[in-house]
$ cat entry_5.txt   # compact mmCIF, C-alpha atoms and all ligand atoms
# COMPACT_ATOMS: atom_id res chain seq x y z
CA MET R 1 -3.51 20.28 39.50
CA PRO R 2 -4.41 23.33 37.32
CA ILE R 3 -3.67 22.99 33.61
CA ASN R 4 -0.84 25.21 32.33
CA GLN R 5 -2.60 28.02 30.42
CA THR R 6 0.01 28.33 27.66
CA ILE R 7 -0.15 24.58 27.05
CA ARG R 8 -3.95 24.60 27.12
CA GLU R 9 -4.05 27.42 24.56
CA LYS R 10 -1.64 25.54 22.27
CA VAL R 11 -3.52 22.22 22.54
CA TYR R 12 -6.95 23.78 21.94
CA THR R 13 -5.86 25.89 18.95
CA THR R 14 -3.77 23.22 17.20
CA PRO R 15 -5.83 21.24 14.67
CA LEU R 16 -5.80 17.49 15.19
CA ILE R 17 -5.20 15.00 12.42
CA ASP R 18 -7.68 12.22 13.10
CA THR R 19 -6.13 8.89 12.10
CA HIS R 20 -9.14 6.62 12.63
CA GLU R 21 -12.91 6.82 12.15
CA HIS R 22 -15.72 4.59 10.83
CA LEU R 23 -17.95 7.48 9.74
CA ILE R 24 -20.74 6.51 7.41
CA GLU R 25 -20.97 8.67 4.32
CA GLU R 26 -22.78 11.93 5.00
CA SER R 27 -25.30 11.13 2.25
CA ILE R 28 -26.25 7.90 4.08
CA ARG R 29 -26.78 9.91 7.25
CA LEU R 30 -28.96 12.41 5.34
CA ALA R 31 -31.06 9.57 3.91
CA GLY R 32 -32.28 8.76 7.44
CA PRO R 33 -32.54 5.71 9.69
CA LYS R 34 -32.85 2.09 8.63
CA PRO R 35 -33.65 -0.65 11.14
CA GLY R 36 -30.76 -2.94 12.03
CA GLY R 37 -28.06 -0.90 10.31
CA ARG R 38 -25.50 1.60 11.52
CA LEU R 39 -28.22 4.26 11.75
CA PRO R 40 -31.16 2.52 13.45
CA CYS R 41 -32.77 5.72 14.81
CA ASP R 42 -32.22 9.47 14.56
CA ASP R 43 -33.30 10.78 17.96
CA TRP R 44 -31.18 11.56 21.07
CA ALA R 45 -30.63 7.84 21.75
CA TYR R 46 -28.54 7.56 18.57
CA LEU R 47 -25.75 9.52 20.28
CA PHE R 48 -25.46 6.65 22.76
CA TYR R 49 -25.57 3.92 20.11
CA HIS R 50 -21.94 3.55 19.09
CA TYR R 51 -19.78 2.45 22.08
CA SER R 52 -22.06 3.64 24.92
CA LEU R 53 -24.22 0.66 24.05
CA SER R 54 -21.35 -1.60 25.16
CA ASP R 55 -21.29 0.00 28.62
CA LEU R 56 -25.09 -0.15 28.87
CA THR R 57 -24.88 -3.89 28.14
CA SER R 58 -22.08 -4.35 30.63
CA ALA R 59 -24.18 -2.52 33.24
CA GLY R 60 -27.03 -4.96 32.67
CA MET R 61 -29.30 -3.55 29.96
CA THR R 62 -31.18 -6.45 28.36
CA PRO R 63 -31.28 -7.12 24.59
CA GLN R 64 -35.02 -6.31 24.62
CA GLU R 65 -34.42 -2.92 26.26
CA ASN R 66 -31.58 -2.20 23.92
CA ALA R 67 -33.73 -3.05 20.87
CA ARG R 68 -36.45 -0.61 22.03
CA LEU R 69 -33.98 2.13 22.96
CA PHE R 70 -32.45 2.22 19.50
CA SER R 71 -35.65 1.59 17.53
CA MET R 72 -37.78 4.13 15.71
CA GLU R 73 -40.92 2.74 17.38
CA ALA R 74 -40.43 3.76 21.02
CA ASP R 75 -41.24 7.42 21.84
CA ALA R 76 -38.97 9.77 23.81
CA GLU R 77 -40.71 9.04 27.10
CA GLU R 78 -40.38 5.25 26.83
CA LYS R 79 -36.76 5.58 25.73
CA TRP R 80 -35.92 7.75 28.70
CA ARG R 81 -37.57 5.27 31.09
CA ILE R 82 -35.42 2.46 29.67
CA PHE R 83 -32.24 4.54 29.64
CA GLU R 84 -32.33 6.33 33.00
CA PRO R 85 -31.33 3.55 35.44
CA TYR R 86 -28.37 2.51 33.28
CA PHE R 87 -27.32 6.11 32.61
CA ASP R 88 -26.82 6.51 36.31
CA ARG R 89 -24.49 3.50 36.36
CA CYS R 90 -22.43 4.44 33.29
CA ARG R 91 -22.19 8.21 33.21
CA ASN R 92 -18.55 8.45 34.33
CA THR R 93 -17.07 6.22 31.64
CA GLY R 94 -15.16 7.71 28.73
CA TYR R 95 -17.81 6.43 26.30
CA PHE R 96 -20.49 8.39 28.14
CA GLN R 97 -18.36 11.44 28.81
CA ALA R 98 -17.70 11.79 25.07
CA VAL R 99 -21.45 11.91 24.43
CA LEU R 100 -22.05 14.34 27.30
CA HIS R 101 -19.35 16.69 25.96
CA THR R 102 -21.04 16.45 22.57
CA ILE R 103 -24.45 17.33 23.97
CA ARG R 104 -23.02 20.25 25.91
CA GLY R 105 -20.81 21.58 23.12
CA LEU R 106 -22.93 21.03 20.03
CA PHE R 107 -26.46 21.26 21.43
CA ASP R 108 -25.94 23.60 24.37
CA GLU R 109 -27.66 21.30 26.88
CA ASP R 110 -25.97 20.81 30.26
CA ARG R 111 -28.02 17.83 31.34
CA VAL R 112 -29.50 14.72 29.82
CA ASP R 113 -32.87 14.14 31.50
CA ALA R 114 -36.56 13.63 30.82
CA THR R 115 -37.02 17.30 29.95
CA SER R 116 -33.95 17.80 27.72
CA VAL R 117 -34.01 14.70 25.51
CA GLY R 118 -36.76 16.10 23.27
CA ARG R 119 -34.79 19.31 22.68
CA ILE R 120 -31.60 17.35 22.03
CA THR R 121 -33.44 15.33 19.35
CA GLU R 122 -34.75 18.51 17.69
CA LYS R 123 -31.36 20.23 17.68
CA MET R 124 -29.63 17.12 16.41
CA ARG R 125 -32.11 16.58 13.58
CA SER R 126 -32.05 20.21 12.49
CA GLY R 127 -28.24 20.06 12.29
CA VAL R 128 -28.23 17.14 9.87
CA GLN R 129 -27.87 18.95 6.56
CA LYS R 130 -25.55 18.73 3.60
CA GLY R 131 -22.12 19.89 4.74
CA PHE R 132 -22.67 19.16 8.42
CA TYR R 133 -19.72 16.76 8.60
CA GLU R 134 -17.37 19.59 7.64
CA GLU R 135 -19.10 21.90 10.15
CA ILE R 136 -18.74 19.43 13.05
CA ILE R 137 -15.33 18.01 12.20
CA ARG R 138 -13.38 21.05 10.97
CA ARG R 139 -15.12 24.03 12.50
CA ARG R 140 -16.48 22.75 15.78
CA SER R 141 -13.93 20.01 16.64
CA ASN R 142 -10.86 21.68 15.07
CA VAL R 143 -9.98 18.40 13.37
CA GLU R 144 -8.23 19.04 10.05
CA SER R 145 -9.04 15.71 8.41
CA CYS R 146 -10.14 12.18 9.31
CA GLN R 147 -9.00 8.77 8.10
CA VAL R 148 -12.02 6.54 7.63
CA ASN R 149 -12.10 2.77 7.71
CA SER R 150 -15.53 2.38 6.16
CA LEU R 151 -17.62 -0.53 7.39
CA GLU R 152 -20.35 0.07 4.82
CA GLY R 153 -19.37 -2.71 2.41
CA PRO R 154 -16.72 -1.78 -0.15
CA LEU R 155 -13.06 -2.38 0.74
CA PHE R 156 -12.43 1.23 -0.24
CA MET R 157 -15.10 3.91 0.01
CA GLU R 158 -15.21 6.41 -2.86
CA THR R 159 -16.23 9.23 -0.57
CA GLU R 160 -18.04 12.43 -1.37
CA TYR R 161 -15.42 14.37 0.65
CA PRO R 162 -11.98 12.90 -0.16
CA THR R 163 -9.90 15.62 1.55
CA LEU R 164 -12.01 15.70 4.71
CA LEU R 165 -12.55 11.94 4.95
CA TYR R 166 -9.38 10.25 3.74
CA GLN R 167 -10.02 6.53 3.32
CA ASP R 168 -8.25 3.34 4.38
CA LEU R 169 -8.17 0.36 2.05
CA SER R 170 -9.36 -2.60 4.10
CA PHE R 171 -7.39 -5.79 3.45
CA VAL R 172 -9.38 -8.09 5.73
CA ALA R 173 -11.31 -9.72 2.87
CA MET R 174 -8.06 -10.14 0.88
CA SER R 175 -6.20 -11.99 3.60
CA THR R 176 -7.68 -13.08 6.90
CA GLY R 177 -11.38 -12.80 6.04
CA LEU R 178 -10.76 -14.37 2.63
CA ASP R 179 -14.02 -13.42 0.91
CA LEU R 180 -13.61 -15.14 -2.47
CA PRO R 181 -17.08 -14.53 -3.99
CA LYS R 182 -17.16 -10.83 -3.10
CA LEU R 183 -13.70 -9.92 -4.37
CA SER R 184 -13.99 -12.09 -7.44
CA ALA R 185 -17.30 -10.41 -8.33
CA GLU R 186 -15.99 -6.89 -7.70
CA SER R 187 -12.80 -7.37 -9.71
CA GLY R 188 -14.33 -9.58 -12.40
CA LEU R 189 -11.37 -11.94 -11.95
CA PRO R 190 -11.33 -15.69 -11.18
CA ALA R 191 -10.34 -16.90 -7.69
CA GLU R 192 -9.52 -20.58 -8.07
CA THR R 193 -5.76 -20.56 -7.52
CA LEU R 194 -3.41 -18.64 -5.25
CA ASP R 195 -1.84 -16.96 -8.29
CA GLN R 196 -5.25 -15.74 -9.35
CA TRP R 197 -5.94 -14.51 -5.81
CA HIS R 198 -2.67 -12.58 -5.85
CA GLY R 199 -3.96 -11.09 -9.10
CA ILE R 200 -7.13 -9.94 -7.35
CA ILE R 201 -5.13 -8.35 -4.52
CA ASP R 202 -2.95 -6.63 -7.13
CA TRP R 203 -6.12 -5.38 -8.83
CA TYR R 204 -7.29 -3.70 -5.59
CA PHE R 205 -3.94 -2.06 -5.00
CA ASP R 206 -3.75 -0.90 -8.65
CA ARG R 207 -7.18 0.62 -8.37
CA TYR R 208 -7.09 2.15 -4.89
CA GLY R 209 -3.43 2.17 -3.79
CA ALA R 210 -2.84 5.74 -4.94
CA LYS R 211 -6.08 7.03 -3.41
CA ALA R 212 -5.94 5.31 -0.02
CA VAL R 213 -4.26 6.94 2.97
CA ALA R 214 -3.37 3.58 4.59
CA VAL R 215 -4.40 -0.06 4.70
CA LYS R 216 -6.32 -1.46 7.66
CA ASN R 217 -6.86 -4.88 9.21
CA GLN R 218 -8.85 -5.69 12.35
CA SER R 219 -8.47 -9.47 12.29
CA ALA R 220 -7.25 -9.34 15.87
CA TYR R 221 -10.97 -9.74 16.59
CA SER R 222 -10.82 -13.30 15.29
CA ARG R 223 -7.26 -14.60 15.60
CA ARG R 224 -3.77 -14.09 17.00
CA LEU R 225 -1.34 -11.78 15.21
CA ASN R 226 1.31 -14.46 14.78
CA TYR R 227 1.46 -14.27 10.98
CA GLU R 228 4.16 -16.72 10.01
CA ASN R 229 6.23 -16.68 6.85
CA ILE R 230 4.46 -19.33 4.74
CA PRO R 231 5.94 -19.61 1.23
CA LYS R 232 3.73 -19.50 -1.83
CA GLU R 233 4.45 -23.17 -2.63
CA ALA R 234 3.05 -24.27 0.72
CA ALA R 235 0.00 -21.98 0.63
CA ALA R 236 -1.02 -22.63 -3.01
CA PRO R 237 -2.43 -26.19 -2.64
CA LEU R 238 -4.28 -25.18 0.53
CA PHE R 239 -5.80 -22.16 -1.18
CA ALA R 240 -6.91 -24.28 -4.16
CA ARG R 241 -8.65 -26.74 -1.85
CA HIS R 242 -10.38 -23.89 0.01
CA ALA R 243 -11.48 -22.34 -3.31
CA LYS R 244 -13.09 -25.67 -4.30
CA GLY R 245 -15.18 -25.52 -1.13
CA GLU R 246 -13.19 -28.06 0.88
CA LYS R 247 -13.05 -27.38 4.59
CA LEU R 248 -9.47 -26.71 5.74
CA SER R 249 -8.25 -27.54 9.23
CA GLU R 250 -7.62 -24.61 11.55
CA GLY R 251 -3.88 -24.89 11.01
CA GLU R 252 -4.24 -25.04 7.22
CA MET R 253 -6.51 -22.00 7.18
CA LYS R 254 -4.07 -20.12 9.39
CA ALA R 255 -1.26 -20.91 6.94
CA VAL R 256 -3.26 -19.45 4.03
CA GLN R 257 -4.12 -16.34 6.05
CA ASP R 258 -0.51 -15.93 7.22
CA HIS R 259 0.77 -16.07 3.65
CA LEU R 260 -1.83 -13.61 2.35
CA PHE R 261 -1.41 -11.19 5.25
CA ARG R 262 2.29 -10.90 4.47
CA TYR R 263 1.59 -10.59 0.74
CA CYS R 264 -0.72 -7.64 1.48
CA VAL R 265 1.76 -6.00 3.85
CA GLN R 266 4.37 -6.13 1.08
CA LYS R 267 1.91 -4.62 -1.44
CA ALA R 268 1.05 -1.81 0.99
CA THR R 269 4.75 -1.13 1.45
CA ASP R 270 5.27 -0.98 -2.33
CA TYR R 271 2.54 1.69 -2.45
CA ASP R 272 3.97 3.58 0.54
CA LEU R 273 0.82 2.89 2.57
CA PRO R 274 1.13 2.55 6.36
CA VAL R 275 -0.34 -0.69 7.71
CA LYS R 276 -2.89 -0.07 10.47
CA LEU R 277 -3.60 -3.00 12.76
CA HIS R 278 -6.22 -3.30 15.44
CA THR R 279 -4.60 -4.29 18.72
CA GLY R 280 -5.96 -4.69 22.22
CA TYR R 281 -9.46 -4.04 23.49
CA TYR R 282 -12.59 -5.21 21.66
CA ALA R 283 -15.72 -3.25 20.83
CA GLY R 284 -18.96 -4.76 22.10
CA ALA R 285 -19.52 -6.77 25.26
CA ASN R 286 -19.29 -10.37 26.44
CA SER R 287 -16.90 -11.61 23.75
CA MET R 288 -13.33 -10.49 24.48
CA PRO R 289 -10.73 -13.26 25.03
CA LEU R 290 -8.09 -11.38 27.03
CA GLU R 291 -5.61 -14.26 26.91
CA ARG R 292 -5.37 -13.72 23.13
CA LEU R 293 -5.15 -9.93 23.33
CA ARG R 294 -2.29 -10.08 25.79
CA GLN R 295 -0.22 -11.84 23.14
CA ASN R 296 -0.71 -9.08 20.53
CA ALA R 297 2.51 -7.15 21.19
CA GLY R 298 4.70 -10.24 21.35
CA ASP R 299 3.04 -11.76 18.28
CA LEU R 300 3.88 -8.65 16.26
CA CYS R 301 7.66 -8.73 16.84
CA PRO R 302 8.50 -11.17 14.00
CA ILE R 303 6.41 -9.09 11.57
CA LEU R 304 8.12 -5.87 12.66
CA ARG R 305 11.50 -7.51 12.10
CA ASP R 306 10.62 -9.06 8.74
CA PHE R 307 9.19 -5.85 7.20
CA PRO R 308 11.67 -3.14 8.20
CA LYS R 309 10.49 -0.77 5.43
CA THR R 310 6.80 -0.97 6.40
CA LYS R 311 5.25 1.65 8.66
CA PHE R 312 3.05 -0.25 11.14
CA VAL R 313 0.42 1.73 13.01
CA LEU R 314 -0.58 -0.21 16.12
CA MET R 315 -3.99 1.02 17.08
CA HIS R 316 -5.72 1.66 20.41
CA ILE R 317 -2.38 1.43 22.31
CA GLY R 318 -3.07 -2.28 22.76
CA TYR R 319 -5.15 -1.41 25.85
CA PRO R 320 -5.06 -2.85 28.50
CA TYR R 321 -1.50 -4.00 27.65
CA GLN R 322 -0.29 -0.53 26.65
CA ASP R 323 3.08 -0.78 28.45
CA GLU R 324 4.17 -3.39 25.92
CA PHE R 325 3.24 -1.04 23.08
CA ILE R 326 5.44 1.68 24.54
CA ALA R 327 8.21 -0.93 24.38
CA LEU R 328 7.41 -1.63 20.70
CA GLY R 329 7.40 2.11 19.86
CA LYS R 330 10.76 2.47 21.56
CA GLY R 331 12.33 -0.72 20.29
CA TYR R 332 11.27 -0.88 16.63
CA THR R 333 11.93 1.84 14.04
CA ASN R 334 8.82 0.85 12.06
CA ALA R 335 6.33 0.71 14.98
CA TYR R 336 4.02 3.69 15.48
CA ILE R 337 1.53 3.63 18.33
CA ASP R 338 -1.91 5.23 17.94
CA LEU R 339 -4.12 6.54 20.76
CA CYS R 340 -7.17 6.28 18.51
CA TRP R 341 -10.22 5.14 20.52
CA ALA R 342 -8.08 4.91 23.70
CA TRP R 343 -9.13 8.26 25.21
CA ILE R 344 -12.71 7.06 25.59
CA ILE R 345 -11.88 3.46 26.54
CA SER R 346 -9.92 4.80 29.50
CA PRO R 347 -9.25 8.55 29.72
CA VAL R 348 -7.03 8.36 32.80
CA ALA R 349 -4.99 5.39 31.54
CA SER R 350 -4.46 7.37 28.33
CA VAL R 351 -3.05 10.36 30.25
CA ARG R 352 -0.69 8.01 32.06
CA PHE R 353 0.22 6.30 28.79
CA LEU R 354 1.01 9.62 27.10
CA LYS R 355 3.31 10.70 29.92
CA GLU R 356 5.09 7.35 29.97
CA PHE R 357 5.38 7.18 26.17
CA LEU R 358 6.85 10.69 25.83
CA THR R 359 9.54 9.98 28.42
CA THR R 360 10.34 6.53 27.02
CA ALA R 361 10.03 6.39 23.22
CA PRO R 362 10.74 8.96 20.49
CA ALA R 363 7.86 11.47 20.28
CA SER R 364 7.82 10.90 16.51
CA LYS R 365 6.36 7.40 16.99
CA LEU R 366 2.95 8.49 18.28
CA PHE R 367 -0.45 9.57 16.95
CA THR R 368 -2.81 11.06 19.49
CA PHE R 369 -6.29 11.11 18.06
CA GLY R 370 -8.85 8.96 16.28
CA GLY R 371 -12.49 9.19 17.29
CA ASP R 372 -13.23 5.66 16.02
CA TYR R 373 -16.90 6.59 15.59
CA VAL R 374 -19.64 5.84 13.07
CA THR R 375 -21.46 8.96 14.31
CA ALA R 376 -20.01 12.35 13.34
CA GLU R 377 -21.36 14.31 16.34
CA THR R 378 -19.49 12.25 18.93
CA VAL R 379 -16.14 12.90 17.24
CA TYR R 380 -16.57 16.36 18.80
CA GLY R 381 -16.88 14.95 22.35
CA HIS R 382 -13.99 12.55 21.84
CA SER R 383 -11.75 15.35 20.56
CA LYS R 384 -12.60 17.34 23.72
CA ILE R 385 -11.49 14.44 25.92
CA ALA R 386 -8.31 13.95 23.87
CA ARG R 387 -7.41 17.65 24.23
CA MET R 388 -8.12 17.58 27.97
CA GLY R 389 -5.86 14.53 28.28
CA ILE R 390 -3.04 15.90 26.11
CA ALA R 391 -3.07 19.22 28.01
CA GLN R 392 -3.08 17.42 31.35
CA ALA R 393 -0.26 15.01 30.44
CA LEU R 394 1.96 17.83 29.11
CA THR R 395 1.20 20.04 32.11
CA GLU R 396 2.15 17.27 34.51
CA LEU R 397 5.36 16.50 32.62
CA VAL R 398 6.38 20.17 32.87
CA ASP R 399 5.34 20.51 36.53
CA GLU R 400 7.17 17.34 37.47
CA GLY R 401 10.34 18.54 35.75
CA TRP R 402 10.48 16.06 32.83
CA MET R 403 10.26 18.72 30.11
CA THR R 404 10.24 22.49 29.75
CA GLU R 405 7.16 24.42 28.71
CA ARG R 406 8.83 25.16 25.39
CA GLU R 407 9.44 21.48 24.78
CA ALA R 408 5.83 20.71 25.71
CA LEU R 409 4.53 23.17 23.10
CA ALA R 410 6.71 21.69 20.36
CA THR R 411 5.67 18.19 21.42
CA ALA R 412 1.96 19.13 21.20
CA GLU R 413 2.43 20.30 17.62
CA ARG R 414 4.22 17.09 16.69
CA ILE R 415 1.91 14.56 18.32
CA MET R 416 -1.35 16.28 17.33
CA ARG R 417 -0.56 16.60 13.62
CA GLY R 418 3.15 16.77 12.71
CA ASN R 419 3.77 13.04 12.97
CA ALA R 420 0.70 12.24 10.88
CA TYR R 421 1.96 14.51 8.09
CA GLU R 422 5.32 12.76 8.16
CA VAL R 423 3.98 9.21 8.10
CA PHE R 424 0.79 9.41 5.99
CA THR R 425 2.33 10.77 2.82
CA ARG R 426 -1.05 11.08 1.04
CA LEU R 427 -1.96 13.94 3.39
CA LYS R 428 0.65 16.16 1.73
CA GLU R 429 -0.66 15.70 -1.79
ZN ZN A 1 -12.13 1.20 14.73

$ encode --input "entry_5.txt" --output "structure tokens" --more "lines below"
Ligand SMILES: [Zn+2]
Amino acid sequence: MPINQTIREKVYTTPLIDTHEHLIEESIRLAGPKPGGRLPCDDWAYLFYHYSLSDLTSAGMTPQENARLFSMEADAEEKWRIFEPYFDRCRNTGYFQAVLHTIRGLFDEDRVDATSVGRITEKMRSGVQKGFYEEIIRRRSNVESCQVNSLEGPLFMETEYPTLLYQDLSFVAMSTGLDLPKLSAESGLPAETLDQWHGIIDWYFDRYGAKAVAVKNQSAYSRRLNYENIPKEAAAPLFARHAKGEKLSEGEMKAVQDHLFRYCVQKATDYDLPVKLHTGYYAGANSMPLERLRQNAGDLCPILRDFPKTKFVLMHIGYPYQDEFIALGKGYTNAYIDLCWAWIISPVASVRFLKEFLTTAPASKLFTFGGDYVTAETVYGHSKIARMGIAQALTELVDEGWMTEREALATAERIMRGNAYEVFTRLKE
């Protein structure tokens, strides 16, 4: 079905607000590769490092091949020999398509093959200069600003570019990850009692609450989202035992985490910070327990009910259980659903999701883009896929008689950036 030209024009010229990235600081990128880190090499293979690596693994690439492919030791020829058979198996996935769009759009190369990989490396390296994040994100991708959940160490990254790369305050280490030594050292405060730990959490919110765009927690990678209401009196003795180095039972540890998670959600609400939660699909390969993921939406209902003033941003549409997240967006005033990452996990499911969401839940409850990348270049390719998907979904809704063209244009404006401006109040400052 051909894409409606008026809709296409609107979707391609409207800047996106990007609600989720893991971009490393540009200065770290400029400093060059370091083995084992988030920038293990700086040739063409690097474009396939974040996310595509998961599909390569799923398609059978061995750990030895993967180590060579993303090392600085192997030359272009060896890397291509390792890559080629798996490329053939994976090239249709969203992860790969995002990279191929990037290579086409940013480096003007139509094919990835033995002859082009050297040129791609040269063009990529020559582009890495001070200011290239702004060039790729704003000018080439037409993304107005990003919201970064930094994985580089600090809970809040004091970025070089605060109005291009808005930052989330991570509350994993305050609640579910419970990193006593790190937070105690950073704040200079003791962490022996629950009261003291509350003091440390308060310290982080005092210091970063006004700068952060949101708070973020991805503990769905390690536990269910059934955070129960555990009173301070019940959690305090457990916390004190944990702080002394005693090993808590699974149930006791859960109780401490549950209490602290809710404490942090309340703090975020006091600071008018939306609470972003990872839901659904896992990054990586060979680790995802689907029986836990499928409980995410149901597990969240008590939290949504108990914190009516909190704006919850439920990330990645809970894929592959996205129908339930449409129900949450429709049924709970404080539930916002975010397509971040989803376009490249499953582009076609995301088109279907967008159509179903827009005819089911209020259009104000949706965010439509987050690249979810460590690598700046691939944000470009992901934004291309998101725009293709948004234009296709809106075209189909108009063609099938569910909305008028005029309504589709207004909806594009709202879901691409209007909703983000309404919900993330820091963006207006
Ligand atoms: Zn992420």

$ residues_near_ligand --input "entry_5.txt" --ligand "ligand ZN 1 (chain A)" --cutoff "7 Å" --atoms "only C-alpha atoms and all ligand atoms" --output "PyMOL selection string"
chain R and resi 20-22+372

$ atom_distance --input "entry_5.txt" --atom1 "atom CA of Ile345 of chain R" --atom2 "atom CA of Gln257 of chain R"
29.5 Å

$ atom_distance --input "entry_5.txt" --atom1 "atom CA of Tyr86 of chain R" --atom2 "atom CA of Ala59 of chain R"
6.5 Å

$ residues_near_point --input "entry_5.txt" --point "(-12.0, -15.3, -0.7)" --cutoff "12 Å" --atoms "only C-alpha atoms" --output "ChimeraX atom specification"
/R:171-186,189-194,196-198,200-201,239-245,253,256-257,260

$ closest_residue --input "entry_5.txt" --among "R:Phe156, R:Trp402, R:Tyr95, R:Tyr12" --to "Gly371 of chain R" --atoms "only C-alpha atoms"
R:Tyr95

$ closest_residue --input "entry_5.txt" --among "R:Lys130, R:Lys211, R:Lys365, R:Arg139" --to "Tyr166 of chain R" --atoms "all atoms listed in the file"
R:Lys211

$ residues_around --input "entry_5.txt" --residues "Asn149 of chain R" --least-positions-apart "2" --cutoff "8 Å" --atoms "only C-alpha atoms" --output "list in words"
His20, Glu21, His22, Leu23, Gln147, Leu151, Gln167, Asp168, Leu169, Ser170 and Lys216 of chain R

$ write_last_selection --input "entry_5.txt" --atoms "C-alpha atoms" --output "PDB file, keeping the file's coordinate frame"
ATOM      1  CA  HIS R  20      -9.140   6.620  12.630  1.00  0.00           C
ATOM      2  CA  GLU R  21     -12.910   6.820  12.150  1.00  0.00           C
ATOM      3  CA  HIS R  22     -15.720   4.590  10.830  1.00  0.00           C
ATOM      4  CA  LEU R  23     -17.950   7.480   9.740  1.00  0.00           C
ATOM      5  CA  GLN R 147      -9.000   8.770   8.100  1.00  0.00           C
ATOM      6  CA  LEU R 151     -17.620  -0.530   7.390  1.00  0.00           C
ATOM      7  CA  GLN R 167     -10.020   6.530   3.320  1.00  0.00           C
ATOM      8  CA  ASP R 168      -8.250   3.340   4.380  1.00  0.00           C
ATOM      9  CA  LEU R 169      -8.170   0.360   2.050  1.00  0.00           C
ATOM     10  CA  SER R 170      -9.360  -2.600   4.100  1.00  0.00           C
ATOM     11  CA  LYS R 216      -6.320  -1.460   7.660  1.00  0.00           C
TER      12      LYS R 216
END
